[in-house]
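Raw structure.cif, mmCIF, C-alpha atoms:
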data_entry
loop_
_atom_site.group_PDB
_atom_site.id
_atom_site.type_symbol
_atom_site.label_atom_id
_atom_site.label_comp_id
_atom_site.auth_asym_id
_atom_site.auth_seq_id
_atom_site.Cartn_x
_atom_site.Cartn_y
_atom_site.Cartn_z
ATOM 1 C CA MET A 23 -58.299 -20.523 20.018
ATOM 2 C CA THR A 24 -59.133 -24.219 19.580
ATOM 3 C CA ASN A 25 -59.974 -25.333 16.050
ATOM 4 C CA ARG A 26 -62.379 -28.129 15.114
ATOM 5 C CA ILE A 27 -59.552 -30.643 14.589
ATOM 6 C CA GLU A 28 -58.129 -29.980 18.050
ATOM 7 C CA ALA A 29 -61.595 -30.389 19.566
ATOM 8 C CA GLN A 30 -62.013 -33.719 17.754
ATOM 9 C CA ILE A 31 -58.616 -34.926 18.973
ATOM 10 C CA ARG A 32 -59.646 -34.241 22.554
ATOM 11 C CA ALA A 33 -63.109 -35.767 22.028
ATOM 12 C CA LYS A 34 -61.490 -38.976 20.731
ATOM 13 C CA GLY A 35 -59.382 -39.175 23.899
ATOM 14 C CA LEU A 36 -56.062 -38.588 22.134
ATOM 15 C CA ARG A 37 -53.528 -36.508 24.020
ATOM 16 C CA LEU A 38 -53.008 -33.144 22.358
ATOM 17 C CA THR A 39 -49.214 -32.815 22.420
ATOM 18 C CA GLY A 40 -47.523 -29.669 21.181
ATOM 19 C CA GLN A 41 -46.562 -31.419 17.947
ATOM 20 C CA ARG A 42 -50.103 -32.695 17.322
ATOM 21 C CA LYS A 43 -51.510 -29.269 18.121
ATOM 22 C CA LEU A 44 -49.227 -27.571 15.590
ATOM 23 C CA ILE A 45 -49.959 -30.179 12.902
ATOM 24 C CA ALA A 46 -53.707 -29.809 13.600
ATOM 25 C CA GLN A 47 -53.420 -26.021 13.264
ATOM 26 C CA VAL A 48 -51.581 -26.307 9.953
ATOM 27 C CA VAL A 49 -54.155 -28.748 8.555
ATOM 28 C CA ALA A 50 -57.062 -26.627 9.820
ATOM 29 C CA SER A 51 -55.670 -23.512 8.146
ATOM 30 C CA ALA A 52 -55.010 -25.222 4.796
ATOM 31 C CA HIS A 53 -57.207 -24.066 1.933
ATOM 32 C CA ASP A 54 -55.968 -26.838 -0.319
ATOM 33 C CA HIS A 55 -55.554 -30.601 0.032
ATOM 34 C CA PRO A 56 -51.871 -30.878 0.987
ATOM 35 C CA ASP A 57 -49.824 -34.061 1.028
ATOM 36 C CA VAL A 58 -47.562 -34.960 3.968
ATOM 37 C CA PRO A 59 -44.346 -33.453 2.533
ATOM 38 C CA GLU A 60 -46.182 -30.153 1.990
ATOM 39 C CA LEU A 61 -47.700 -30.299 5.473
ATOM 40 C CA HIS A 62 -44.244 -30.991 6.894
ATOM 41 C CA ARG A 63 -42.842 -27.989 5.041
ATOM 42 C CA ARG A 64 -45.551 -25.782 6.561
ATOM 43 C CA VAL A 65 -45.107 -27.264 10.041
ATOM 44 C CA ALA A 66 -41.320 -26.856 9.837
ATOM 45 C CA GLU A 67 -41.782 -23.130 9.200
ATOM 46 C CA GLU A 68 -43.152 -22.971 12.754
ATOM 47 C CA ASP A 69 -41.054 -25.695 14.413
ATOM 48 C CA ASP A 70 -38.213 -27.311 12.481
ATOM 49 C CA ARG A 71 -37.752 -29.983 15.182
ATOM 50 C CA ILE A 72 -40.868 -31.851 13.987
ATOM 51 C CA SER A 73 -39.750 -34.618 11.638
ATOM 52 C CA LEU A 74 -41.369 -35.789 8.438
ATOM 53 C CA ALA A 75 -41.914 -39.190 10.104
ATOM 54 C CA THR A 76 -43.842 -37.505 12.930
ATOM 55 C CA VAL A 77 -46.122 -35.776 10.438
ATOM 56 C CA TYR A 78 -46.719 -39.087 8.600
ATOM 57 C CA ARG A 79 -47.559 -40.899 11.858
ATOM 58 C CA THR A 80 -49.804 -38.093 13.063
ATOM 59 C CA MET A 81 -51.742 -37.883 9.797
ATOM 60 C CA LYS A 82 -52.240 -41.660 9.801
ATOM 61 C CA ARG A 83 -53.533 -41.552 13.380
ATOM 62 C CA PHE A 84 -55.884 -38.632 12.643
ATOM 63 C CA GLU A 85 -57.191 -40.548 9.634
ATOM 64 C CA GLU A 86 -57.735 -43.729 11.682
ATOM 65 C CA LEU A 87 -59.754 -41.707 14.201
ATOM 66 C CA GLY A 88 -61.929 -40.167 11.474
ATOM 67 C CA ILE A 89 -60.599 -36.665 12.108
ATOM 68 C CA LEU A 90 -59.123 -36.350 8.608
ATOM 69 C CA GLU A 91 -59.984 -37.808 5.228
ATOM 70 C CA ARG A 92 -57.310 -39.112 2.911
ATOM 71 C CA HIS A 93 -57.615 -38.733 -0.855
ATOM 72 C CA GLU A 94 -55.484 -39.970 -3.720
ATOM 73 C CA PHE A 95 -56.346 -37.865 -6.732
ATOM 74 C CA ARG A 96 -54.704 -39.967 -9.441
ATOM 75 C CA ASP A 97 -51.346 -38.282 -8.905
ATOM 76 C CA GLY A 98 -50.121 -40.974 -6.511
ATOM 77 C CA ARG A 99 -49.924 -38.618 -3.537
ATOM 78 C CA ALA A 100 -52.057 -39.076 -0.452
ATOM 79 C CA ARG A 101 -53.652 -35.715 0.292
ATOM 80 C CA TYR A 102 -55.620 -34.713 3.355
ATOM 81 C CA GLU A 103 -58.509 -32.566 4.463
ATOM 82 C CA PRO A 104 -60.516 -32.321 7.675
ATOM 83 C CA ALA A 105 -63.335 -34.883 7.796
ATOM 84 C CA ALA A 106 -66.279 -33.193 6.138
ATOM 85 C CA LYS A 107 -69.137 -31.884 8.219
ATOM 86 C CA ARG A 108 -71.198 -32.035 5.054
ATOM 87 C CA HIS A 109 -70.639 -34.349 2.102
ATOM 88 C CA HIS A 110 -68.954 -32.849 -0.943
ATOM 89 C CA ASP A 111 -67.282 -34.093 -4.109
ATOM 90 C CA HIS A 112 -64.079 -33.063 -5.868
ATOM 91 C CA LEU A 113 -63.107 -31.772 -9.309
ATOM 92 C CA ILE A 114 -59.380 -32.075 -9.955
ATOM 93 C CA ASP A 115 -57.557 -29.983 -12.556
ATOM 94 C CA VAL A 116 -55.255 -32.557 -14.197
ATOM 95 C CA ASP A 117 -52.828 -29.873 -15.346
ATOM 96 C CA THR A 118 -52.296 -28.057 -12.048
ATOM 97 C CA GLY A 119 -53.487 -30.558 -9.434
ATOM 98 C CA THR A 120 -55.873 -27.951 -8.028
ATOM 99 C CA VAL A 121 -58.751 -29.573 -6.156
ATOM 100 C CA ILE A 122 -62.143 -27.864 -6.245
ATOM 101 C CA GLU A 123 -64.798 -28.947 -3.773
ATOM 102 C CA PHE A 124 -68.411 -28.860 -4.896
ATOM 103 C CA ARG A 125 -71.844 -30.163 -3.999
ATOM 104 C CA SER A 126 -74.596 -30.987 -6.494
ATOM 105 C CA GLU A 127 -78.036 -32.051 -5.352
ATOM 106 C CA GLU A 128 -78.710 -33.312 -8.876
ATOM 107 C CA ILE A 129 -75.713 -35.678 -8.742
ATOM 108 C CA GLU A 130 -76.704 -36.845 -5.248
ATOM 109 C CA ARG A 131 -80.249 -37.672 -6.429
ATOM 110 C CA LEU A 132 -78.996 -39.437 -9.573
ATOM 111 C CA GLN A 133 -76.616 -41.660 -7.575
ATOM 112 C CA ALA A 134 -79.476 -42.737 -5.302
ATOM 113 C CA VAL A 135 -81.653 -43.499 -8.333
ATOM 114 C CA VAL A 136 -78.913 -45.593 -9.972
ATOM 115 C CA ALA A 137 -78.316 -47.559 -6.770
ATOM 116 C CA ARG A 138 -82.039 -48.162 -6.311
ATOM 117 C CA GLU A 139 -82.479 -49.279 -9.945
ATOM 118 C CA LEU A 140 -79.672 -51.789 -9.422
ATOM 119 C CA GLY A 141 -81.286 -53.082 -6.236
ATOM 120 C CA PHE A 142 -79.132 -51.277 -3.658
ATOM 121 C CA ASP A 143 -79.619 -48.802 -0.855
ATOM 122 C CA LEU A 144 -76.836 -46.262 -1.213
ATOM 123 C CA VAL A 145 -74.806 -45.996 2.000
ATOM 124 C CA GLY A 146 -72.003 -43.770 0.731
ATOM 125 C CA HIS A 147 -69.892 -42.758 -2.214
ATOM 126 C CA ARG A 148 -66.851 -40.780 -3.263
ATOM 127 C CA LEU A 149 -66.941 -38.841 -6.507
ATOM 128 C CA GLU A 150 -63.841 -37.413 -8.135
ATOM 129 C CA LEU A 151 -64.084 -35.662 -11.481
ATOM 130 C CA TYR A 152 -60.930 -34.936 -13.486
ATOM 131 C CA GLY A 153 -60.726 -32.203 -16.090
ATOM 132 C CA ARG A 154 -58.879 -29.410 -17.817
ATOM 133 C CA ARG A 155 -59.890 -25.786 -17.735
ATOM 134 C CA ARG A 156 -61.486 -24.618 -20.920
ATOM 135 C CA THR A 157 -59.562 -21.930 -22.722
ATOM 136 C CA ALA A 158 -61.317 -19.022 -24.358
ATOM 137 C CA ARG A 159 -61.759 -19.841 -28.000
ATOM 138 C CA LYS A 160 -60.755 -17.191 -30.460
ATOM 139 C CA GLU A 161 -63.473 -16.363 -32.908
ATOM 140 C CA SER A 162 -62.371 -16.155 -36.511
#

Show me, as structure tokens, the structure contained in the file I just sent.
Amino acid sequence: MTNRIEAQIRAKGLRLTGQRKLIAQVVASAHDHPDVPELHRRVAEEDDRISLATVYRTMKRFEELGILERHEFRDGRARYEPAAKRHHDHLIDVDTGTVIEFRSEEIERLQAVVARELGFDLVGHRLELYGRRRTARKES
């Protein structure tokens, strides 16, 4: 079964080699925002002949074609996700590195208002919130 990333690769005119297909499948099945070493680890579980350099090159090419989005969530690692069909923002747990995707119409409206008040038409943005999970407070 062809996933959305594979379909985009074909639509962009890029040859879908076996290595690209496997990397696309691994990215498409990810429920997190993995970096290249983690993607390589997952790919190598299926085919250990695919090098780390191949995964780096492939991710860069997919990013250049707009198939994937690259994020750097303050931890210095480039992490990837499929290019969003619908805009969303990210909340990053600074203790665990967990990335939570969310969408807030209120935030979207406020950003447009701020841009307009400053004399701009908003054409895009990227919002990353960083936080720590609240712990249950013991009542005395």

Self-check item: Residue among A:Val48, A:Met81, A:Ile72, A:Leu149 lying closest to Ile122 in chain A, counting all atoms listed in the file
Solution: A:Leu149

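Counting from CA of Arg155 in chain A, the distance to CA of Leu132 in chain A is 24.9 Å.
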
Exercise. Quick one: pull the distance between CA of Ser126 in chain A and CA of Arg101 in chain A, Å, one decimal.
Key: 22.5 Å

Quiz item: For Glu67 in chain A, which residue among A:Leu36, A:Leu44, A:Ala50, A:Leu87 is the nearest when counting only C-alpha atoms?
Solution: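 Among the listed residues, A:Leu44 lies closest to Glu67 in chain A.
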
So what does the PyMOL selection byres ((chain A and resi 73) around 12) actually pick up in this one, as a tab-separated table (two decimals) with C-alpha atoms, in the frame of the given file?
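Dumped to result_37.tsv:
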chain	number	residue	atom	x	y	z
A	41	GLN	CA	-46.56	-31.42	17.95
A	42	ARG	CA	-50.10	-32.70	17.32
A	45	ILE	CA	-49.96	-30.18	12.90
A	58	VAL	CA	-47.56	-34.96	3.97
A	59	PRO	CA	-44.35	-33.45	2.53
A	61	LEU	CA	-47.70	-30.30	5.47
A	62	HIS	CA	-44.24	-30.99	6.89
A	63	ARG	CA	-42.84	-27.99	5.04
A	64	ARG	CA	-45.55	-25.78	6.56
A	65	VAL	CA	-45.11	-27.26	10.04
A	66	ALA	CA	-41.32	-26.86	9.84
A	67	GLU	CA	-41.78	-23.13	9.20
A	69	ASP	CA	-41.05	-25.70	14.41
A	70	ASP	CA	-38.21	-27.31	12.48
A	71	ARG	CA	-37.75	-29.98	15.18
A	72	ILE	CA	-40.87	-31.85	13.99
A	74	LEU	CA	-41.37	-35.79	8.44
A	75	ALA	CA	-41.91	-39.19	10.10
A	76	THR	CA	-43.84	-37.51	12.93
A	77	VAL	CA	-46.12	-35.78	10.44
A	78	TYR	CA	-46.72	-39.09	8.60
A	79	ARG	CA	-47.56	-40.90	11.86
A	80	THR	CA	-49.80	-38.09	13.06

Quiz item: Which neighbours of Asp115 in chain A fall inside 7 Å, counting only C-alpha atoms, when residues of the same chain fewer than 2 positions from it are skipped, and could you give them as number ranges by chain?
Solution: A: 113, 117-121, 152-154

Self-check item: Coordinates-based distance that separates CA of Pro56 in chain A from CA of Glu103 in chain A (Å, one decimal)
Solution: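 Taking CA of Glu103 in chain A and CA of Pro56 in chain A, their separation equals 7.7 Å.
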
Counting all atoms listed in the file, which residues of range 47-72 of chain A sit at most 10 Å from some atom of range 25-29 of chain A, and what is each one's closest atom pair with its distance in Å to one decimal, listed by chain and rising residue number, as a Markdown table?
| residue | atom | partner | partner_atom | distance |
| --- | --- | --- | --- | --- |
| A:Gln47 | CA | A:Asn25 | CA | 7.2 |
| A:Val49 | CA | A:Ile27 | CA | 8.3 |
| A:Ala50 | CA | A:Ile27 | CA | 6.7 |
| A:Ser51 | CA | A:Asn25 | CA | 9.2 |

Quiz item: Do you know which residues lie at most 8 Å from (-64.9, -30.2, -5.3), with coordinates as in the file and only C-alpha atoms counted, and could you write them as a list in words?
Solution: His110, Asp111, His112, Leu113, Ile114, Val121, Ile122, Glu123, Phe124, Arg125 and Glu150 of chain A
